[in-house]
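K.L.:
Following this message is one structure expressed as structure tokens.
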Protein chains: 2
Amino acid sequence: MRKVKYFVANSLDNYIARKNGAVDWLFMDGTDYGMGDFFKSIDTILLGRKTYEIALRQNPRSRNSKSNFGMKSYIFSRTLKLSLGDGAQVISQNAGAFVRSLKMEEGKDIWLMGGGELMKSLLLENVVDEISLNIHPLLLGSGVFLFPELDKQIDLELINSNIHKNGCIQVTYRIKDQAPHQK
Amino acid sequence: MRKVKYFVANSLDNYIARKNGAVDWLFMDGTDYGMGDFFKSIDTILLGRKTYEIALRQNPRSRNSKSNFGMKSYIFSRTLKLSLGDGAQVISQNAGAFVRSLKMEEGKDIWLMGGGELMKSLLLENVVDEISLNIHPLLLGSGVFLFPELDKQIDLELINSNIHKNGCIQVTYRIKDQAPHQK
């Protein structure tokens, strides 16, 4: 079955962007954070509306406000009215059920991009398989939070770690099997 | 000069305790997290009122609501009216100025215990030297937050890291020199 992988860079205080969405604080010093390997392992992107809008602003290739990020993309929103690139699709139905079904299809793994509400609902629906962070050595102080507040504890297994010379700590966790979520 | 070291265990989503202060989720499997070496390096504790009250509840030796945690302790509070153990003292004056002066005295290093308001004011006053975390492989979902929201970015240097077999990641950062805080 295809895995859903959350893969992001964060500050030690768990922000993934400044309040305005800026990621100018990311280290761009040529260190290999394994992104090449990661992108080879996926062929589909899941993202929420807010992440989609931020990503569009930051992606120079999508200045026309219309992008599929180079692969099949699903943008989760109940309200979004946007002209999307080929291969991009707005999903307004229940995210958990949609992703559960998507995981059963043929294909490579699936990138859950960005945190917030979509991550929360997919975590609670038990459809996320892995969390990969590239923890940067800084406190941003404020910004867009990585982890949503949850009403339950989720246990993880550390399956990979890499300490980079520039102080970035790259970690991958497997989300342990959970009991079905009680609403 | 004596260093002020923040030293704590946290969840991956940066909580240091459940909402009720409980730390039952900490791994107690005999792994050496370097606490013995850490405690040898300090002779003084700084803590805020809330952390003090939580620590008292959790420390069986202080059931009389009166403890100095075995060493010279300063509890920062503008309101605290408590009978304290010998060697414990309530500080109601400006925390930054007090700690700056304390660092100039003779002695071992100083443990900044617990997060929250005290950590925020000491970070902004540039008197914290190191942050050591023992990141546990779990999402608590909610609880007492490790890092306060700050109105500035603080850059860190990773000076030590240790990946434990149980999935705990122990990291120590030096806080880089900062420009004086502009209020």
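Quick note on naming: the chains in the structure tokens go A, B, ... in the order shown, residues restart at 1 in each chain, and ligands are numbered from 1 in order of appearance.
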At a cut-off of 9 Å, list the chain B residues touching chain A, using only C-alpha atoms, as a PDB file with C-alpha atoms, in the first residue's frame.

P.N.:
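Produced file result.pdb, reproduced below:
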ATOM      1  CA  LEU B  12       8.240  15.936  19.286  1.00  0.00           C
ATOM      2  CA  ASP B  13       5.398  18.445  19.275  1.00  0.00           C
ATOM      3  CA  ASN B  14       7.234  20.414  21.959  1.00  0.00           C
ATOM      4  CA  HIS B 136      10.779  11.788  22.909  1.00  0.00           C
ATOM      5  CA  PRO B 137       9.293   9.964  19.891  1.00  0.00           C
ATOM      6  CA  LEU B 138       5.648  10.863  20.387  1.00  0.00           C
ATOM      7  CA  LEU B 139       3.105  13.589  19.800  1.00  0.00           C
ATOM      8  CA  LEU B 140       1.432  14.502  23.086  1.00  0.00           C
ATOM      9  CA  GLY B 141      -1.177  16.520  21.201  1.00  0.00           C
ATOM     10  CA  SER B 142      -1.640  19.118  23.931  1.00  0.00           C
ATOM     11  CA  LEU B 146       8.214  24.126  25.737  1.00  0.00           C
ATOM     12  CA  PHE B 147       8.903  27.303  23.819  1.00  0.00           C
ATOM     13  CA  PRO B 148       7.240  30.672  24.331  1.00  0.00           C
ATOM     14  CA  GLU B 149       6.263  32.853  21.394  1.00  0.00           C
ATOM     15  CA  LEU B 150       9.030  35.415  20.851  1.00  0.00           C
ATOM     16  CA  ASP B 151       9.140  38.615  18.868  1.00  0.00           C
ATOM     17  CA  LYS B 152      12.542  37.827  17.431  1.00  0.00           C
ATOM     18  CA  GLN B 153      14.508  34.957  15.901  1.00  0.00           C
ATOM     19  CA  ILE B 154      17.223  33.313  18.012  1.00  0.00           C
ATOM     20  CA  ASP B 155      20.012  31.463  16.204  1.00  0.00           C
ATOM     21  CA  LEU B 156      21.464  28.305  17.725  1.00  0.00           C
ATOM     22  CA  GLU B 157      24.566  26.184  17.270  1.00  0.00           C
ATOM     23  CA  LEU B 158      24.195  22.429  17.695  1.00  0.00           C
ATOM     24  CA  ILE B 159      27.056  21.449  20.022  1.00  0.00           C
ATOM     25  CA  SER B 161      23.685  15.210  19.851  1.00  0.00           C
ATOM     26  CA  ILE B 163      20.429   9.320  19.226  1.00  0.00           C
ATOM     27  CA  LYS B 165      18.096   3.229  20.884  1.00  0.00           C
ATOM     28  CA  ASN B 166      14.652   3.938  22.301  1.00  0.00           C
ATOM     29  CA  GLY B 167      14.169   6.740  19.763  1.00  0.00           C
ATOM     30  CA  CYS B 168      14.920   9.650  22.072  1.00  0.00           C
ATOM     31  CA  TYR B 173      22.422  23.938  21.403  1.00  0.00           C
ATOM     32  CA  ILE B 175      22.545  30.187  21.924  1.00  0.00           C
TER      33      ILE B 175
END

K.L.:
Report the residues of chain A whose backbone DSSP state falls under helix (DSSP H, G or I), written as number ranges by chain.

P.N.:
A: 35-41, 49-58, 60-62, 95-104, 116-124

K.L.:
Write the selection just made, keeping N, CA and C atoms, as an mmCIF file, in the first residue's frame?

P.N.:
data_model
loop_
_atom_site.group_PDB
_atom_site.id
_atom_site.type_symbol
_atom_site.label_atom_id
_atom_site.label_comp_id
_atom_site.auth_asym_id
_atom_site.auth_seq_id
_atom_site.Cartn_x
_atom_site.Cartn_y
_atom_site.Cartn_z
ATOM 1 N N MET A 35 16.400 15.170 -0.298
ATOM 2 C CA MET A 35 15.180 15.543 -0.998
ATOM 3 C C MET A 35 15.083 14.846 -2.343
ATOM 4 N N GLY A 36 16.256 14.645 -2.996
ATOM 5 C CA GLY A 36 16.247 13.943 -4.281
ATOM 6 C C GLY A 36 15.636 12.552 -4.136
ATOM 7 N N ASP A 37 16.134 11.820 -3.148
ATOM 8 C CA ASP A 37 15.599 10.472 -2.910
ATOM 9 C C ASP A 37 14.115 10.534 -2.553
ATOM 10 N N PHE A 38 13.772 11.536 -1.733
ATOM 11 C CA PHE A 38 12.376 11.641 -1.331
ATOM 12 C C PHE A 38 11.478 11.862 -2.545
ATOM 13 N N PHE A 39 11.876 12.799 -3.403
ATOM 14 C CA PHE A 39 11.016 13.099 -4.553
ATOM 15 C C PHE A 39 10.914 11.927 -5.523
ATOM 16 N N LYS A 40 11.963 11.102 -5.547
ATOM 17 C CA LYS A 40 11.876 9.889 -6.385
ATOM 18 C C LYS A 40 10.851 8.902 -5.839
ATOM 19 N N SER A 41 10.596 8.994 -4.526
ATOM 20 C CA SER A 41 9.718 7.992 -3.903
ATOM 21 C C SER A 41 8.235 8.355 -3.997
ATOM 22 N N ARG A 49 -5.597 24.248 1.509
ATOM 23 C CA ARG A 49 -5.727 25.471 0.725
ATOM 24 C C ARG A 49 -4.667 26.505 1.102
ATOM 25 N N LYS A 50 -4.439 26.699 2.414
ATOM 26 C CA LYS A 50 -3.479 27.722 2.840
ATOM 27 C C LYS A 50 -2.076 27.376 2.345
ATOM 28 N N THR A 51 -1.682 26.125 2.498
ATOM 29 C CA THR A 51 -0.361 25.698 2.021
ATOM 30 C C THR A 51 -0.266 25.874 0.519
ATOM 31 N N TYR A 52 -1.352 25.557 -0.190
ATOM 32 C CA TYR A 52 -1.364 25.712 -1.644
ATOM 33 C C TYR A 52 -1.102 27.166 -2.030
ATOM 34 N N GLU A 53 -1.778 28.077 -1.340
ATOM 35 C CA GLU A 53 -1.608 29.493 -1.694
ATOM 36 C C GLU A 53 -0.199 29.987 -1.382
ATOM 37 N N ILE A 54 0.345 29.538 -0.229
ATOM 38 C CA ILE A 54 1.720 29.920 0.122
ATOM 39 C C ILE A 54 2.703 29.333 -0.895
ATOM 40 N N ALA A 55 2.496 28.058 -1.230
ATOM 41 C CA ALA A 55 3.414 27.391 -2.159
ATOM 42 C C ALA A 55 3.376 28.053 -3.532
ATOM 43 N N LEU A 56 2.209 28.477 -3.949
ATOM 44 C CA LEU A 56 2.103 29.167 -5.245
ATOM 45 C C LEU A 56 2.921 30.448 -5.241
ATOM 46 N N ARG A 57 2.835 31.196 -4.139
ATOM 47 C CA ARG A 57 3.576 32.457 -4.047
ATOM 48 C C ARG A 57 5.075 32.221 -4.093
ATOM 49 N N GLN A 58 5.516 31.042 -3.548
ATOM 50 C CA GLN A 58 6.956 30.797 -3.437
ATOM 51 C C GLN A 58 7.539 30.069 -4.633
ATOM 52 N N PRO A 60 8.355 30.045 -8.305
ATOM 53 C CA PRO A 60 8.442 30.994 -9.422
ATOM 54 C C PRO A 60 7.828 30.446 -10.709
ATOM 55 N N ARG A 61 7.759 29.118 -10.802
ATOM 56 C CA ARG A 61 7.204 28.540 -12.028
ATOM 57 C C ARG A 61 5.687 28.637 -12.067
ATOM 58 N N SER A 62 5.093 29.106 -10.965
ATOM 59 C CA SER A 62 3.633 29.108 -10.934
ATOM 60 C C SER A 62 3.104 30.521 -10.747
ATOM 61 N N ALA A 95 -11.604 14.248 3.959
ATOM 62 C CA ALA A 95 -10.201 14.035 3.579
ATOM 63 C C ALA A 95 -9.724 12.632 3.937
ATOM 64 N N GLY A 96 -10.096 12.157 5.119
ATOM 65 C CA GLY A 96 -9.632 10.847 5.566
ATOM 66 C C GLY A 96 -10.077 9.737 4.627
ATOM 67 N N ALA A 97 -11.362 9.736 4.288
ATOM 68 C CA ALA A 97 -11.894 8.693 3.412
ATOM 69 C C ALA A 97 -11.232 8.773 2.039
ATOM 70 N N PHE A 98 -11.048 10.002 1.539
ATOM 71 C CA PHE A 98 -10.436 10.163 0.228
ATOM 72 C C PHE A 98 -9.020 9.597 0.215
ATOM 73 N N VAL A 99 -8.239 9.944 1.230
ATOM 74 C CA VAL A 99 -6.838 9.520 1.259
ATOM 75 C C VAL A 99 -6.738 8.017 1.494
ATOM 76 N N ARG A 100 -7.634 7.480 2.309
ATOM 77 C CA ARG A 100 -7.624 6.027 2.544
ATOM 78 C C ARG A 100 -7.810 5.283 1.221
ATOM 79 N N SER A 101 -8.695 5.794 0.422
ATOM 80 C CA SER A 101 -8.952 5.175 -0.876
ATOM 81 C C SER A 101 -7.771 5.387 -1.831
ATOM 82 N N LEU A 102 -7.192 6.591 -1.792
ATOM 83 C CA LEU A 102 -6.039 6.909 -2.648
ATOM 84 C C LEU A 102 -4.862 5.971 -2.369
ATOM 85 N N LYS A 103 -4.683 5.630 -1.095
ATOM 86 C CA LYS A 103 -3.565 4.758 -0.710
ATOM 87 C C LYS A 103 -3.714 3.347 -1.296
ATOM 88 N N MET A 104 -4.936 2.968 -1.619
ATOM 89 C CA MET A 104 -5.178 1.637 -2.169
ATOM 90 C C MET A 104 -4.891 1.587 -3.663
ATOM 91 N N GLY A 116 -0.980 22.088 9.725
ATOM 92 C CA GLY A 116 -2.270 22.702 9.939
ATOM 93 C C GLY A 116 -3.439 21.760 9.917
ATOM 94 N N GLU A 117 -4.573 22.254 9.409
ATOM 95 C CA GLU A 117 -5.847 21.546 9.509
ATOM 96 C C GLU A 117 -5.852 20.219 8.758
ATOM 97 N N LEU A 118 -5.247 20.202 7.567
ATOM 98 C CA LEU A 118 -5.250 18.950 6.795
ATOM 99 C C LEU A 118 -4.454 17.870 7.526
ATOM 100 N N MET A 119 -3.291 18.254 8.038
ATOM 101 C CA MET A 119 -2.481 17.286 8.769
ATOM 102 C C MET A 119 -3.256 16.769 9.982
ATOM 103 N N LYS A 120 -3.907 17.689 10.679
ATOM 104 C CA LYS A 120 -4.678 17.286 11.861
ATOM 105 C C LYS A 120 -5.734 16.246 11.492
ATOM 106 N N SER A 121 -6.505 16.537 10.456
ATOM 107 C CA SER A 121 -7.585 15.607 10.131
ATOM 108 C C SER A 121 -7.022 14.276 9.643
ATOM 109 N N LEU A 122 -5.908 14.291 8.907
ATOM 110 C CA LEU A 122 -5.346 13.030 8.423
ATOM 111 C C LEU A 122 -4.678 12.232 9.546
ATOM 112 N N LEU A 123 -4.072 12.941 10.503
ATOM 113 C CA LEU A 123 -3.517 12.241 11.675
ATOM 114 C C LEU A 123 -4.631 11.564 12.460
ATOM 115 N N LEU A 124 -5.708 12.309 12.693
ATOM 116 C CA LEU A 124 -6.806 11.752 13.490
ATOM 117 C C LEU A 124 -7.505 10.609 12.755
#

K.L.:
In region 25-171 of chain A, what's strand (DSSP E or B) per DSSP? Answer as a VMD selection string?

P.N.:
chain A and resid 42 to 48 72 to 76 88 to 91 109 to 113 130 to 136 138 to 139 144 to 145 154 to 163 169 to 171

K.L.:
Could you write out that same residue set with N, CA and C atoms as a short mmCIF file (atom, residue, chain, number, x, y, z; two decimals), in the first residue's frame?

P.N.:
data_model
loop_
_atom_site.label_atom_id
_atom_site.label_comp_id
_atom_site.auth_asym_id
_atom_site.auth_seq_id
_atom_site.Cartn_x
_atom_site.Cartn_y
_atom_site.Cartn_z
N ILE A 42 7.93 9.57 -4.47
CA ILE A 42 6.52 10.01 -4.48
C ILE A 42 6.06 10.36 -5.90
N ASP A 43 4.75 10.34 -6.10
CA ASP A 43 4.21 10.81 -7.37
C ASP A 43 2.92 11.60 -7.18
N THR A 44 2.61 11.91 -5.92
CA THR A 44 1.33 12.56 -5.62
C THR A 44 1.54 13.50 -4.43
N ILE A 45 0.85 14.65 -4.46
CA ILE A 45 0.96 15.62 -3.36
C ILE A 45 -0.43 15.89 -2.78
N LEU A 46 -0.49 15.95 -1.45
CA LEU A 46 -1.71 16.39 -0.77
C LEU A 46 -1.41 17.72 -0.09
N LEU A 47 -2.27 18.71 -0.25
CA LEU A 47 -2.04 19.94 0.49
C LEU A 47 -3.34 20.67 0.76
N GLY A 48 -3.33 21.43 1.85
CA GLY A 48 -4.48 22.23 2.22
C GLY A 48 -4.49 23.54 1.43
N LYS A 72 0.71 14.86 -9.83
CA LYS A 72 -0.69 14.80 -9.43
C LYS A 72 -0.87 15.43 -8.04
N SER A 73 -1.73 16.44 -7.95
CA SER A 73 -1.87 17.16 -6.69
C SER A 73 -3.34 17.26 -6.29
N TYR A 74 -3.59 17.06 -5.02
CA TYR A 74 -4.94 17.22 -4.48
C TYR A 74 -4.93 18.33 -3.45
N ILE A 75 -5.74 19.34 -3.68
CA ILE A 75 -5.83 20.47 -2.76
C ILE A 75 -7.15 20.34 -2.00
N PHE A 76 -7.06 20.26 -0.68
CA PHE A 76 -8.25 20.04 0.14
C PHE A 76 -8.84 21.36 0.57
N ALA A 88 -4.04 18.84 -11.21
CA ALA A 88 -4.38 19.32 -9.87
C ALA A 88 -5.89 19.29 -9.72
N GLN A 89 -6.34 18.98 -8.53
CA GLN A 89 -7.77 18.75 -8.31
C GLN A 89 -8.15 19.21 -6.91
N VAL A 90 -9.28 19.88 -6.80
CA VAL A 90 -9.76 20.28 -5.48
C VAL A 90 -10.62 19.17 -4.90
N ILE A 91 -10.35 18.82 -3.64
CA ILE A 91 -11.13 17.79 -2.95
C ILE A 91 -11.91 18.47 -1.83
N ASP A 109 4.61 6.62 -3.41
CA ASP A 109 4.12 7.19 -2.14
C ASP A 109 3.57 8.60 -2.35
N ILE A 110 2.97 9.11 -1.29
CA ILE A 110 2.19 10.35 -1.35
C ILE A 110 2.77 11.35 -0.36
N TRP A 111 3.01 12.58 -0.82
CA TRP A 111 3.59 13.61 0.04
C TRP A 111 2.49 14.47 0.64
N LEU A 112 2.41 14.43 1.96
CA LEU A 112 1.54 15.37 2.67
C LEU A 112 2.37 16.62 2.92
N MET A 113 1.98 17.71 2.27
CA MET A 113 2.79 18.94 2.25
C MET A 113 2.12 19.99 3.12
N GLU A 130 4.28 8.32 7.88
CA GLU A 130 5.60 8.77 8.32
C GLU A 130 5.66 10.29 8.48
N ILE A 131 6.48 10.72 9.42
CA ILE A 131 6.76 12.15 9.61
C ILE A 131 8.27 12.34 9.48
N SER A 132 8.70 13.14 8.50
CA SER A 132 10.12 13.45 8.33
C SER A 132 10.34 14.94 8.55
N LEU A 133 11.21 15.27 9.48
CA LEU A 133 11.50 16.67 9.77
C LEU A 133 12.97 16.96 9.52
N ASN A 134 13.26 18.17 9.09
CA ASN A 134 14.63 18.65 9.02
C ASN A 134 14.72 19.83 9.99
N ILE A 135 15.08 19.51 11.23
CA ILE A 135 14.99 20.50 12.31
C ILE A 135 16.17 21.46 12.23
N HIS A 136 15.89 22.72 11.91
CA HIS A 136 16.93 23.72 11.78
C HIS A 136 17.31 24.30 13.15
N LEU A 138 17.49 26.86 15.09
CA LEU A 138 17.09 28.24 15.39
C LEU A 138 15.69 28.25 15.98
N LEU A 139 15.41 29.29 16.73
CA LEU A 139 14.05 29.55 17.22
C LEU A 139 13.49 30.68 16.37
N VAL A 144 4.02 29.92 11.30
CA VAL A 144 3.02 28.89 11.00
C VAL A 144 3.45 27.61 11.70
N PHE A 145 2.57 27.12 12.57
CA PHE A 145 2.91 25.96 13.39
C PHE A 145 2.97 24.66 12.59
N ILE A 154 -0.09 10.43 20.04
CA ILE A 154 0.29 9.56 18.93
C ILE A 154 1.73 9.11 19.14
N ASP A 155 1.93 7.80 19.23
CA ASP A 155 3.26 7.26 19.47
C ASP A 155 4.01 7.06 18.15
N LEU A 156 5.31 7.32 18.19
CA LEU A 156 6.14 7.28 16.99
C LEU A 156 7.30 6.33 17.19
N GLU A 157 7.84 5.85 16.07
CA GLU A 157 9.07 5.06 16.11
C GLU A 157 10.10 5.76 15.23
N LEU A 158 11.23 6.09 15.82
CA LEU A 158 12.30 6.74 15.05
C LEU A 158 12.91 5.71 14.11
N ILE A 159 12.80 5.93 12.80
CA ILE A 159 13.33 4.92 11.87
C ILE A 159 14.55 5.41 11.10
N ASN A 160 14.84 6.71 11.17
CA ASN A 160 16.03 7.21 10.50
C ASN A 160 16.43 8.55 11.12
N SER A 161 17.74 8.79 11.19
CA SER A 161 18.19 10.08 11.70
C SER A 161 19.54 10.43 11.10
N ASN A 162 19.77 11.70 10.91
CA ASN A 162 20.98 12.17 10.26
C ASN A 162 21.32 13.55 10.83
N ILE A 163 22.48 13.65 11.46
CA ILE A 163 22.89 14.95 12.02
C ILE A 163 23.80 15.62 10.99
N ILE A 169 19.08 18.67 11.98
CA ILE A 169 18.84 17.30 12.42
C ILE A 169 17.69 16.74 11.60
N GLN A 170 18.01 15.72 10.81
CA GLN A 170 16.97 15.15 9.96
C GLN A 170 16.49 13.85 10.58
N VAL A 171 15.20 13.76 10.82
CA VAL A 171 14.64 12.59 11.49
C VAL A 171 13.40 12.11 10.76
#

K.L.:
Record the distance separating CA of Val127 (chain B) and CA of Ile16 (chain B), expressed in Å with one decimal.

P.N.:
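Going from CA of Val127 (chain B) over to CA of Ile16 (chain B) covers 21.4 Å.
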
K.L.:
One decimal, Å: what's the distance from CA of Asp129 (chain A) over to CA of Lys5 (chain A), could you say?

P.N.:
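Answer for the CA of Asp129 (chain A) to CA of Lys5 (chain A) separation: 5.9 Å.
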
K.L.:
Hey, can you check how far CA of Asp24 (chain B) sits from CA of Tyr15 (chain A)?

P.N.:
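According to the coordinates, CA of Asp24 (chain B) and CA of Tyr15 (chain A) are separated by 26.2 Å.
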